[in-house]
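Here's structure06.cif, which has mmCIF, C-alpha atoms:
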data_coords
#
loop_
_atom_site.label_atom_id
_atom_site.label_comp_id
_atom_site.auth_asym_id
_atom_site.auth_seq_id
_atom_site.Cartn_x
_atom_site.Cartn_y
_atom_site.Cartn_z
CA MET J 1399 0.00 0.00 0.00
CA SER J 1400 1.39 3.45 -0.94
CA ILE J 1401 1.94 6.22 1.59
CA GLN J 1402 -0.81 8.27 -0.06
CA SER J 1403 -3.29 5.41 0.18
CA ASN J 1404 -2.34 4.79 3.82
CA ILE J 1405 -2.91 8.48 4.68
CA HIS J 1406 -6.24 8.43 2.88
CA LEU J 1407 -7.30 5.34 4.83
CA LYS J 1408 -6.24 6.91 8.15
CA VAL J 1409 -8.18 10.09 7.44
CA LYS J 1410 -11.24 8.06 6.42
CA VAL J 1411 -11.15 6.14 9.71
CA TYR J 1412 -10.41 9.10 11.99
CA TRP J 1413 -12.66 11.70 10.33
CA PRO J 1414 -15.93 10.52 11.97
CA LEU J 1415 -14.38 11.24 15.38
CA ILE J 1416 -14.81 15.00 14.87
CA LYS J 1417 -18.50 14.87 13.81
CA SER J 1418 -17.79 17.09 10.81
CA LEU J 1419 -21.35 18.42 10.34
CA GLN J 1420 -21.60 19.49 13.98
CA THR J 1421 -18.11 20.96 13.89
CA GLY J 1422 -18.89 22.81 10.68
CA LEU J 1423 -22.00 24.40 12.18
CA LEU J 1424 -20.04 25.53 15.24
CA LEU J 1425 -17.36 27.03 12.97
CA MET J 1426 -20.10 28.90 11.16
CA THR J 1427 -21.37 30.37 14.43
CA GLY J 1428 -17.83 31.41 15.41
CA PHE J 1429 -17.32 33.08 12.04
CA THR J 1430 -20.69 34.82 12.43
CA GLY J 1431 -19.71 36.23 15.82
CA PHE J 1432 -16.45 37.50 14.33
CA ILE J 1433 -18.06 39.11 11.29
CA SER J 1434 -20.77 40.69 13.45
CA SER J 1435 -18.11 42.83 15.14
CA SER J 1436 -17.39 44.72 11.87
CA CYS J 1437 -13.86 44.93 13.20
CA PRO J 1438 -11.31 46.91 11.12
CA VAL J 1439 -8.64 44.24 11.76
CA MET J 1440 -10.66 41.67 9.86
CA ASN J 1441 -8.36 40.14 7.30
CA TRP J 1442 -7.54 36.73 5.96
CA ARG J 1443 -4.92 36.06 8.66
CA MET J 1444 -7.36 36.73 11.51
CA THR J 1445 -10.11 34.79 9.75
CA LEU J 1446 -7.78 31.85 9.17
CA GLY J 1447 -6.67 32.02 12.80
CA LEU J 1448 -10.26 32.04 14.02
CA LEU J 1449 -11.37 29.12 11.86
CA GLY J 1450 -8.18 27.14 12.41
CA SER J 1451 -8.07 27.50 16.19
CA LEU J 1452 -11.79 26.78 16.52
CA PHE J 1453 -11.59 23.78 14.21
CA LEU J 1454 -8.77 22.26 16.22
CA THR J 1455 -10.32 22.96 19.61
CA VAL J 1456 -13.85 21.87 18.69
CA SER J 1457 -12.51 18.76 16.95
CA GLY J 1458 -10.29 17.97 19.94
CA SER J 1459 -13.14 18.27 22.43
CA THR J 1460 -15.36 16.09 20.22
CA ILE J 1461 -12.67 13.40 20.03
CA LEU J 1462 -12.24 13.48 23.81
CA ASN J 1463 -16.00 13.12 24.22
CA MET J 1464 -15.95 10.16 21.86
CA VAL J 1465 -13.22 8.51 23.92
CA TYR J 1466 -15.09 8.95 27.19
CA ASP J 1467 -18.47 7.90 25.74
CA ARG J 1468 -17.26 4.85 23.83
CA ASP J 1469 -18.99 2.51 26.30
CA ILE J 1470 -22.28 4.33 25.75
CA ASP J 1471 -21.81 4.27 21.98
CA SER J 1472 -21.23 0.50 22.09
CA ARG J 1473 -24.74 0.01 23.57
CA MET J 1474 -26.61 2.19 21.08
CA LYS J 1475 -27.63 0.94 17.63
CA ARG J 1476 -27.12 4.43 16.18
CA THR J 1477 -23.49 4.69 17.34
CA VAL J 1478 -22.23 1.13 17.66
CA HIS J 1479 -20.37 1.37 14.32
CA ARG J 1480 -18.40 4.48 15.26
CA PRO J 1481 -14.59 4.02 15.07
CA LEU J 1482 -14.00 3.58 18.82
CA PRO J 1483 -16.78 1.16 19.86
CA SER J 1484 -16.26 -0.86 16.67
CA GLY J 1485 -12.56 -1.25 17.46
CA GLN J 1486 -11.28 0.54 14.34
CA ILE J 1487 -9.30 2.97 16.50
CA ASN J 1488 -7.48 2.35 19.77
CA ALA J 1489 -8.83 4.44 22.64
CA ASN J 1490 -5.35 5.54 23.78
CA GLU J 1491 -4.49 6.71 20.28
CA ALA J 1492 -7.73 8.69 20.09
CA LEU J 1493 -7.11 10.18 23.54
CA LEU J 1494 -3.63 11.32 22.52
CA LEU J 1495 -5.00 12.78 19.30
CA GLY J 1496 -7.80 14.61 21.12
CA LEU J 1497 -5.44 16.12 23.68
CA THR J 1498 -2.88 17.12 21.04
CA VAL J 1499 -5.42 18.73 18.72
CA SER J 1500 -7.09 20.56 21.63
CA LEU J 1501 -3.78 21.97 22.91
CA LEU J 1502 -2.76 23.08 19.42
CA GLY J 1503 -6.08 24.88 19.02
CA LEU J 1504 -5.82 26.57 22.42
CA GLY J 1505 -2.24 27.60 21.75
CA TRP J 1506 -3.20 29.14 18.43
CA ALA J 1507 -6.12 30.92 20.11
CA TYR J 1508 -3.82 32.36 22.78
CA ILE J 1509 -1.48 33.74 20.11
CA LEU J 1510 -4.43 35.52 18.54
CA MET J 1511 -5.78 36.99 21.81
CA PRO J 1512 -5.66 35.80 25.45
CA LEU J 1513 -9.31 36.70 26.15
CA TYR J 1514 -10.40 34.87 23.01
CA ALA J 1515 -8.37 31.84 24.14
CA LEU J 1516 -10.04 31.97 27.57
CA VAL J 1517 -13.51 31.83 26.02
CA VAL J 1518 -12.46 28.97 23.72
CA PHE J 1519 -10.99 27.10 26.69
CA GLY J 1520 -14.22 27.69 28.62
CA GLY J 1521 -16.19 26.03 25.84
CA LEU J 1522 -13.86 23.02 25.77
CA PHE J 1523 -13.83 22.63 29.56
CA ILE J 1524 -17.62 22.89 29.89
CA ASP J 1525 -18.17 20.46 27.02
CA VAL J 1526 -15.70 17.77 28.05
CA VAL J 1527 -15.48 18.02 31.84
CA ILE J 1528 -18.81 19.44 33.04
CA TYR J 1529 -21.18 18.13 30.35
CA THR J 1530 -19.69 14.82 29.22
CA ILE J 1531 -17.73 13.56 32.22
CA TRP J 1532 -19.72 14.99 35.13
CA LEU J 1533 -23.38 15.45 34.14
CA LYS J 1534 -24.35 13.56 30.98
CA ARG J 1535 -24.84 10.25 32.78
CA ARG J 1536 -26.43 11.84 35.84
CA THR J 1537 -29.15 14.23 34.70
CA ALA J 1538 -31.18 15.17 31.66
CA TRP J 1539 -30.44 18.81 32.49
CA SER J 1540 -26.89 18.28 31.29
CA ILE J 1541 -28.05 19.67 27.93
CA VAL J 1542 -28.09 23.14 29.50
CA TRP J 1543 -24.33 22.93 29.96
CA GLY J 1544 -24.04 21.39 26.54
CA GLY J 1545 -25.90 24.42 25.22
CA ILE J 1546 -23.50 26.80 26.97
CA SER J 1547 -20.50 25.07 25.42
CA GLY J 1548 -22.26 25.14 22.05
CA GLY J 1549 -22.70 28.91 22.40
CA MET J 1550 -19.04 29.55 23.19
CA PRO J 1551 -17.77 29.63 19.55
CA ILE J 1552 -20.06 32.51 18.55
CA LEU J 1553 -19.10 34.40 21.71
CA ALA J 1554 -15.42 33.66 21.04
CA GLY J 1555 -15.70 34.98 17.50
CA ARG J 1556 -17.32 38.17 18.75
CA VAL J 1557 -14.60 38.56 21.39
CA LEU J 1558 -11.85 38.17 18.79
CA GLY J 1559 -13.42 40.93 16.73
CA THR J 1560 -14.24 43.39 19.51
CA GLY J 1561 -11.61 42.56 22.12
CA ARG J 1562 -14.22 42.23 24.86
CA ILE J 1563 -17.31 40.36 25.99
CA ASP J 1564 -20.34 42.48 25.13
CA ASP J 1565 -24.13 42.27 25.24
CA ILE J 1566 -24.50 41.26 21.59
CA GLY J 1567 -22.06 38.38 22.00
CA LEU J 1568 -23.96 37.18 25.06
CA LEU J 1569 -27.28 37.46 23.20
CA PHE J 1570 -25.99 35.31 20.36
CA MET J 1571 -24.61 32.83 22.86
CA LEU J 1572 -28.03 32.72 24.57
CA ALA J 1573 -29.66 32.08 21.19
CA ILE J 1574 -27.48 29.01 20.67
CA LEU J 1575 -28.15 27.85 24.23
CA LEU J 1576 -31.91 28.08 23.65
CA TRP J 1577 -31.65 26.47 20.22
CA ILE J 1578 -29.85 23.40 21.57
CA PRO J 1579 -33.02 21.85 23.12
CA THR J 1580 -34.82 22.03 19.78
CA HIS J 1581 -31.93 20.22 18.14
CA ILE J 1582 -31.06 17.73 20.89
CA LEU J 1583 -34.48 16.93 22.38
CA THR J 1584 -36.01 16.06 19.01
CA PHE J 1585 -33.03 13.77 18.51
CA SER J 1586 -33.45 12.16 21.93
CA MET J 1587 -37.13 11.49 21.20
CA ARG J 1588 -36.25 9.83 17.90
CA TYR J 1589 -33.68 7.58 19.58
CA ASN J 1590 -35.30 7.31 23.00
CA GLU J 1591 -34.89 3.52 23.21
CA ASP J 1592 -31.20 3.82 22.35
CA TYR J 1593 -30.60 6.30 25.16
CA GLN J 1594 -32.52 4.18 27.65
CA ARG J 1595 -30.51 1.11 26.63
CA ALA J 1596 -27.30 3.07 27.22
CA GLY J 1597 -28.51 4.40 30.58
CA VAL J 1598 -28.32 8.06 29.56
CA PRO J 1599 -31.07 10.19 31.19
CA THR J 1600 -33.06 12.32 28.75
CA PHE J 1601 -36.07 14.61 29.02
CA PRO J 1602 -38.37 12.15 27.20
CA SER J 1603 -37.42 9.32 29.58
CA GLN J 1604 -37.58 11.41 32.77
CA TYR J 1605 -40.40 13.87 32.09
CA GLY J 1606 -42.36 12.35 29.22
CA ILE J 1607 -42.86 13.17 25.56
CA VAL J 1608 -45.51 15.90 25.91
CA PRO J 1609 -43.52 18.11 28.36
CA THR J 1610 -40.46 17.60 26.15
CA ARG J 1611 -42.34 18.87 23.10
CA LEU J 1612 -43.54 21.88 25.08
CA ILE J 1613 -39.96 22.67 26.12
CA ILE J 1614 -38.90 22.45 22.47
CA ALA J 1615 -41.59 24.95 21.45
CA LEU J 1616 -40.70 27.41 24.22
CA SER J 1617 -36.97 27.16 23.59
CA SER J 1618 -37.56 27.74 19.86
CA VAL J 1619 -39.35 31.00 20.63
CA GLY J 1620 -36.58 32.01 23.03
CA ALA J 1621 -33.85 31.30 20.48
CA ALA J 1622 -35.63 33.35 17.82
CA LEU J 1623 -36.15 36.26 20.22
CA ALA J 1624 -32.49 36.26 21.29
CA ILE J 1625 -31.28 36.26 17.68
CA GLY J 1626 -33.84 38.93 16.76
CA VAL J 1627 -32.73 41.25 19.57
CA GLY J 1628 -29.11 40.63 18.60
CA ILE J 1629 -29.81 41.52 14.95
CA TYR J 1630 -31.67 44.65 16.05
CA ALA J 1631 -28.79 45.66 18.35
CA LEU J 1632 -26.37 45.27 15.44
CA GLY J 1633 -28.40 47.83 13.53
CA LEU J 1634 -29.28 45.51 10.66
CA SER J 1635 -32.19 46.55 8.47
CA TRP J 1636 -35.77 45.48 9.15
CA GLY J 1637 -35.57 43.25 6.11
CA TYR J 1638 -33.38 40.85 8.05
CA LEU J 1639 -35.80 40.83 10.96
CA ARG J 1640 -38.67 40.06 8.60
CA LEU J 1641 -36.68 37.21 7.07
CA LEU J 1642 -35.92 35.93 10.57
CA ALA J 1643 -39.65 36.06 11.32
CA VAL J 1644 -40.29 33.83 8.30
CA LEU J 1645 -37.67 31.32 9.46
CA THR J 1646 -39.08 31.45 12.99
CA SER J 1647 -42.64 30.82 11.80
CA GLY J 1648 -41.51 27.57 10.21
CA LEU J 1649 -39.68 26.50 13.36
CA LEU J 1650 -42.51 27.42 15.69
CA GLY J 1651 -45.10 25.91 13.35
CA LEU J 1652 -43.36 22.54 13.36
CA ALA J 1653 -42.93 22.71 17.15
CA ILE J 1654 -46.66 23.38 17.66
CA VAL J 1655 -47.70 20.65 15.23
CA SER J 1656 -45.42 18.23 17.10
CA ILE J 1657 -47.40 18.97 20.28
CA PHE J 1658 -50.93 18.58 18.90
CA ARG J 1659 -50.35 16.15 16.03
CA PRO J 1660 -47.17 14.29 16.98
CA SER J 1661 -45.56 11.86 14.58
CA GLU J 1662 -42.12 10.48 13.85
CA LYS J 1663 -42.10 12.38 10.54
CA ILE J 1664 -42.89 15.74 12.18
CA ASN J 1665 -40.34 15.14 14.91
CA PHE J 1666 -37.56 14.35 12.44
CA GLY J 1667 -38.61 17.29 10.26
CA LEU J 1668 -38.29 19.59 13.28
CA PHE J 1669 -34.83 18.18 14.00
CA LYS J 1670 -33.70 18.88 10.44
CA TYR J 1671 -35.34 22.30 10.22
CA ALA J 1672 -33.73 23.42 13.48
CA SER J 1673 -30.31 23.20 11.79
CA VAL J 1674 -31.64 25.04 8.72
CA PHE J 1675 -33.03 27.75 10.99
CA MET J 1676 -29.76 28.27 12.81
CA LEU J 1677 -27.67 28.16 9.64
CA GLY J 1678 -30.02 30.62 7.92
CA SER J 1679 -29.88 32.98 10.90
CA MET J 1680 -26.09 32.90 10.92
CA ILE J 1681 -25.93 33.62 7.18
CA MET J 1682 -28.26 36.60 7.65
CA VAL J 1683 -26.00 38.07 10.33
CA VAL J 1684 -22.89 37.51 8.20
CA ILE J 1685 -24.38 39.16 5.11
CA GLY J 1686 -25.94 42.01 7.06
CA ALA J 1687 -22.84 42.80 9.13
CA MET J 1688 -20.27 42.66 6.35
CA PRO J 1689 -18.74 46.12 5.74
#
Step by step, read the file and then write its structure as structure tokens.
Amino acid sequence: MSIQSNIHLKVKVYWPLIKSLQTGLLLMTGFTGFISSSCPVMNWRMTLGLLGSLFLTVSGSTILNMVYDRDIDSRMKRTVHRPLPSGQINANEALLLGLTVSLLGLGWAYILMPLYALVVFGGLFIDVVIYTIWLKRRTAWSIVWGGISGGMPILAGRVLGTGRIDDIGLLFMLAILLWIPTHILTFSMRYNEDYQRAGVPTFPSQYGIVPTRLIIALSSVGAALAIGVGIYALGLSWGYLRLLAVLTSGLLGLAIVSIFRPSEKINFGLFKYASVFMLGSMIMVVIGAMP
């Protein structure tokens, strides 16, 4: 086997460890926070530094989560074929890779700006230590901390552009925090049996399906309001707010239908649309804030 083929094979095996779609969405939120600052130092070097440091840190934290949760993944039909539970990758190798990639990302972030690095580190620490190691197996409310860590990239991007933590950055972070339940809880309802088999507490298993759907609807409204206030505070035109209202109506409509006419199709549609909603909102902020 040639060196090129061997590298290709390695990348193919290791790539699923970083959950590329999830990582890509978090990179998009970080870029959005950065662009929203309309900072005069925005250039390709800063942009590359932002995306590179976030990619490494987010990927590293995801790998570390995969290492710690490999026993859970081995008991779930949805995840049993992932590289670690299936034995394709040695856990010690993955642990070393996760730590190395995380440290490289944090080091790069520190070179860019110490405060930015602190926010990035906060996201990694909350995600790996507080959410995954401490709370995920203990309480369904762990998703709140997962939401905070998910909101750190957009706050970090804003901090890198402005040099400080401001109200707009916190609003965008809150929007991500409130969006997480729509994304995660619909997923946990779809794979409720898997989570129960793995012994992971979820809202559907602890509080029931109907309260979970109500929480999804309320959190969807909260996420839309937080993004809307953030867009207004940025001074973007009313056209963007009207477009956000259209996106929100779809999200809220699906959430309401899932309460009164629940079905697997509606639930999965809400899960998919939640990502579209967040991605669309981020694109609006990027386009509207660009100088």
Item to check | Interatomic distance (Å, one decimal) between CA of Arg1611 in chain J and CA of Asp1592 in chain J | outcome: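 Between CA of Arg1611 in chain J and CA of Asp1592 in chain J the gap is 18.7 Å.
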Checklist entry - Counting only C-alpha atoms, what is within 8 Å of Gly1548 in chain J, bar same-chain residues fewer than 2 positions away, as a list in words? => result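 The filter keeps Leu1424, Gly1521, Asp1525, Gly1544, Gly1545, Ile1546, Met1550, Pro1551, Ile1574, Leu1575 and Ile1578 of chain J.
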Next on the checklist: Just checking: using all atoms listed in the file, which residue out of J:Gln1594, J:Thr1560, J:Thr1498, J:Gln1604 ends up closest to Trp1539 in chain J?
Outcome noted: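 The shortest atom-to-atom distance to Trp1539 in chain J comes from J:Gln1604.
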Give, as JSON, the centre coordinates and the x, y and z edge lengths in Å to one decimal for an axis-aligned box around all listed atoms of range 1416-1427 of chain J, padded by 8 Å on each side.
{"center_x": -18.4, "center_y": 22.6, "center_z": 12.8, "size_x": 23.2, "size_y": 31.5, "size_z": 20.9}
Checklist entry - Once the PyMOL selection byres ((chain J and resi 1447) around 12) has been applied to the shown file, what residues remain in the selection, as a PyMOL selection string? => result chain J and resi 1425+1428-1429+1432+1440-1446+1448-1455+1502-1511+1514-1515+1555+1558-1559
Item to check | Proximity to Ser1679 in chain J - best of J:Ala1643, J:Leu1632, J:Ile1566, J:Leu1652, all atoms listed in the file | outcome: J:Ala1643
Checklist entry - Just so the selection is clear, what residues does the PyMOL selection byres ((chain J and resi 1484-1486) around 10) cover here, as a VMD selection string? => result chain J and resid 1411 to 1412 1468 1471 to 1472 1477 to 1483 1487 to 1489
Checklist entry - So what does the PyMOL selection byres ((chain J and resi 1420) around 10) actually pick up in this one, as a list in words? => result Ile1416, Lys1417, Ser1418, Leu1419, Thr1421, Gly1422, Leu1423, Leu1424, Leu1425, Met1426, Val1456, Ser1457, Thr1460, Gly1548 and Ser1673 of chain J
Next on the checklist: Please report the interatomic distance between CA of Val1684 in chain J and CA of Leu1634 in chain J in Å with one decimal.
Outcome noted: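 CA of Val1684 in chain J sits 10.5 Å away from CA of Leu1634 in chain J.
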Item to check | Contacts of Gly1628 in chain J at 10 Å (all atoms listed in the file; same-chain gap of 5+ positions) as an MDAnalysis selection string | outcome: chainID J and resid 1434 1565:1573 1622:1623 1633:1634 1683
C-alpha atoms of the current selection, written as an mmCIF file, in the coordinates of the input:
data_model
loop_
_atom_site.group_PDB
_atom_site.id
_atom_site.type_symbol
_atom_site.label_atom_id
_atom_site.label_comp_id
_atom_site.auth_asym_id
_atom_site.auth_seq_id
_atom_site.Cartn_x
_atom_site.Cartn_y
_atom_site.Cartn_z
ATOM 1 C CA SER J 1434 -20.770 40.690 13.450
ATOM 2 C CA ASP J 1565 -24.130 42.270 25.240
ATOM 3 C CA ILE J 1566 -24.500 41.260 21.590
ATOM 4 C CA GLY J 1567 -22.060 38.380 22.000
ATOM 5 C CA LEU J 1568 -23.960 37.180 25.060
ATOM 6 C CA LEU J 1569 -27.280 37.460 23.200
ATOM 7 C CA PHE J 1570 -25.990 35.310 20.360
ATOM 8 C CA MET J 1571 -24.610 32.830 22.860
ATOM 9 C CA LEU J 1572 -28.030 32.720 24.570
ATOM 10 C CA ALA J 1573 -29.660 32.080 21.190
ATOM 11 C CA ALA J 1622 -35.630 33.350 17.820
ATOM 12 C CA LEU J 1623 -36.150 36.260 20.220
ATOM 13 C CA GLY J 1633 -28.400 47.830 13.530
ATOM 14 C CA LEU J 1634 -29.280 45.510 10.660
ATOM 15 C CA VAL J 1683 -26.000 38.070 10.330
#
Next on the checklist: Just want the 8 Å neighbourhood of Gly1520 in chain J, counted on only C-alpha atoms, with same-chain residues fewer than 3 positions away dropped. Output as a ChimeraX atom specification.
Outcome noted: /J:1516-1517,1523-1524,1547,1550
Checklist entry - Which protein, DNA or RNA residues have an atom at most 12 Å from (-39.9, 28.5, 10.3), counting all atoms listed in the file? List them as an MDAnalysis selection string. => result chainID J and resid 1615 1618:1619 1622 1640:1654 1667:1668 1670:1676 1678:1679
Suppose we keep C-alpha atoms; can you now write the selection as a compact mmCIF listing (two decimals), keeping the file's coordinate frame?
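File result-v6.txt, as written:
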# COMPACT_ATOMS: atom_id res chain seq x y z
CA ALA J 1615 -41.59 24.95 21.45
CA SER J 1618 -37.56 27.74 19.86
CA VAL J 1619 -39.35 31.00 20.63
CA ALA J 1622 -35.63 33.35 17.82
CA ARG J 1640 -38.67 40.06 8.60
CA LEU J 1641 -36.68 37.21 7.07
CA LEU J 1642 -35.92 35.93 10.57
CA ALA J 1643 -39.65 36.06 11.32
CA VAL J 1644 -40.29 33.83 8.30
CA LEU J 1645 -37.67 31.32 9.46
CA THR J 1646 -39.08 31.45 12.99
CA SER J 1647 -42.64 30.82 11.80
CA GLY J 1648 -41.51 27.57 10.21
CA LEU J 1649 -39.68 26.50 13.36
CA LEU J 1650 -42.51 27.42 15.69
CA GLY J 1651 -45.10 25.91 13.35
CA LEU J 1652 -43.36 22.54 13.36
CA ALA J 1653 -42.93 22.71 17.15
CA ILE J 1654 -46.66 23.38 17.66
CA GLY J 1667 -38.61 17.29 10.26
CA LEU J 1668 -38.29 19.59 13.28
CA LYS J 1670 -33.70 18.88 10.44
CA TYR J 1671 -35.34 22.30 10.22
CA ALA J 1672 -33.73 23.42 13.48
CA SER J 1673 -30.31 23.20 11.79
CA VAL J 1674 -31.64 25.04 8.72
CA PHE J 1675 -33.03 27.75 10.99
CA MET J 1676 -29.76 28.27 12.81
CA GLY J 1678 -30.02 30.62 7.92
CA SER J 1679 -29.88 32.98 10.90
Next on the checklist: Could you check the closest approach to Gly1496 in chain J for each of J:Leu1639, J:Leu1415, J:Ile1657, J:Ile1629 and tell me which residue wins, using only C-alpha atoms?
Outcome noted: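 The closest residue to Gly1496 in chain J is J:Leu1415.
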Excluding Val1598 in chain J and any residue of its chain fewer than 4 positions from it, enumerate the residues within 9 Å of it, using all atoms listed in the file, and give them as an mmCIF file with C-alpha atoms, in the coordinates of the input.
data_model
loop_
_atom_site.group_PDB
_atom_site.id
_atom_site.type_symbol
_atom_site.label_atom_id
_atom_site.label_comp_id
_atom_site.auth_asym_id
_atom_site.auth_seq_id
_atom_site.Cartn_x
_atom_site.Cartn_y
_atom_site.Cartn_z
ATOM 1 C CA ILE J 1470 -22.280 4.330 25.750
ATOM 2 C CA LYS J 1534 -24.350 13.560 30.980
ATOM 3 C CA ARG J 1535 -24.840 10.250 32.780
ATOM 4 C CA ARG J 1536 -26.430 11.840 35.840
ATOM 5 C CA THR J 1537 -29.150 14.230 34.700
ATOM 6 C CA ALA J 1538 -31.180 15.170 31.660
ATOM 7 C CA ASP J 1592 -31.200 3.820 22.350
ATOM 8 C CA TYR J 1593 -30.600 6.300 25.160
ATOM 9 C CA GLN J 1594 -32.520 4.180 27.650
#
Item to check | Separation of CA of Leu1553 in chain J from CA of Ile1582 in chain J, in Å and rounded to one decimal | outcome: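 Those two atoms sit 20.5 Å apart.
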Checklist entry - For Met1587 in chain J, which residue out of J:Ile1664, J:Leu1513, J:Leu1616, J:Val1627 is the nearest one, using all atoms listed in the file? => result J:Ile1664
Next on the checklist: Within 10 Å of (-36.6, 11.7, 23.2) in the file's own coordinates, which protein, DNA or RNA residues have an atom, counting all atoms listed in the file? List them as a ChimeraX atom specification.
Outcome noted: /J:1582-1594,1599-1607,1610-1611,1665
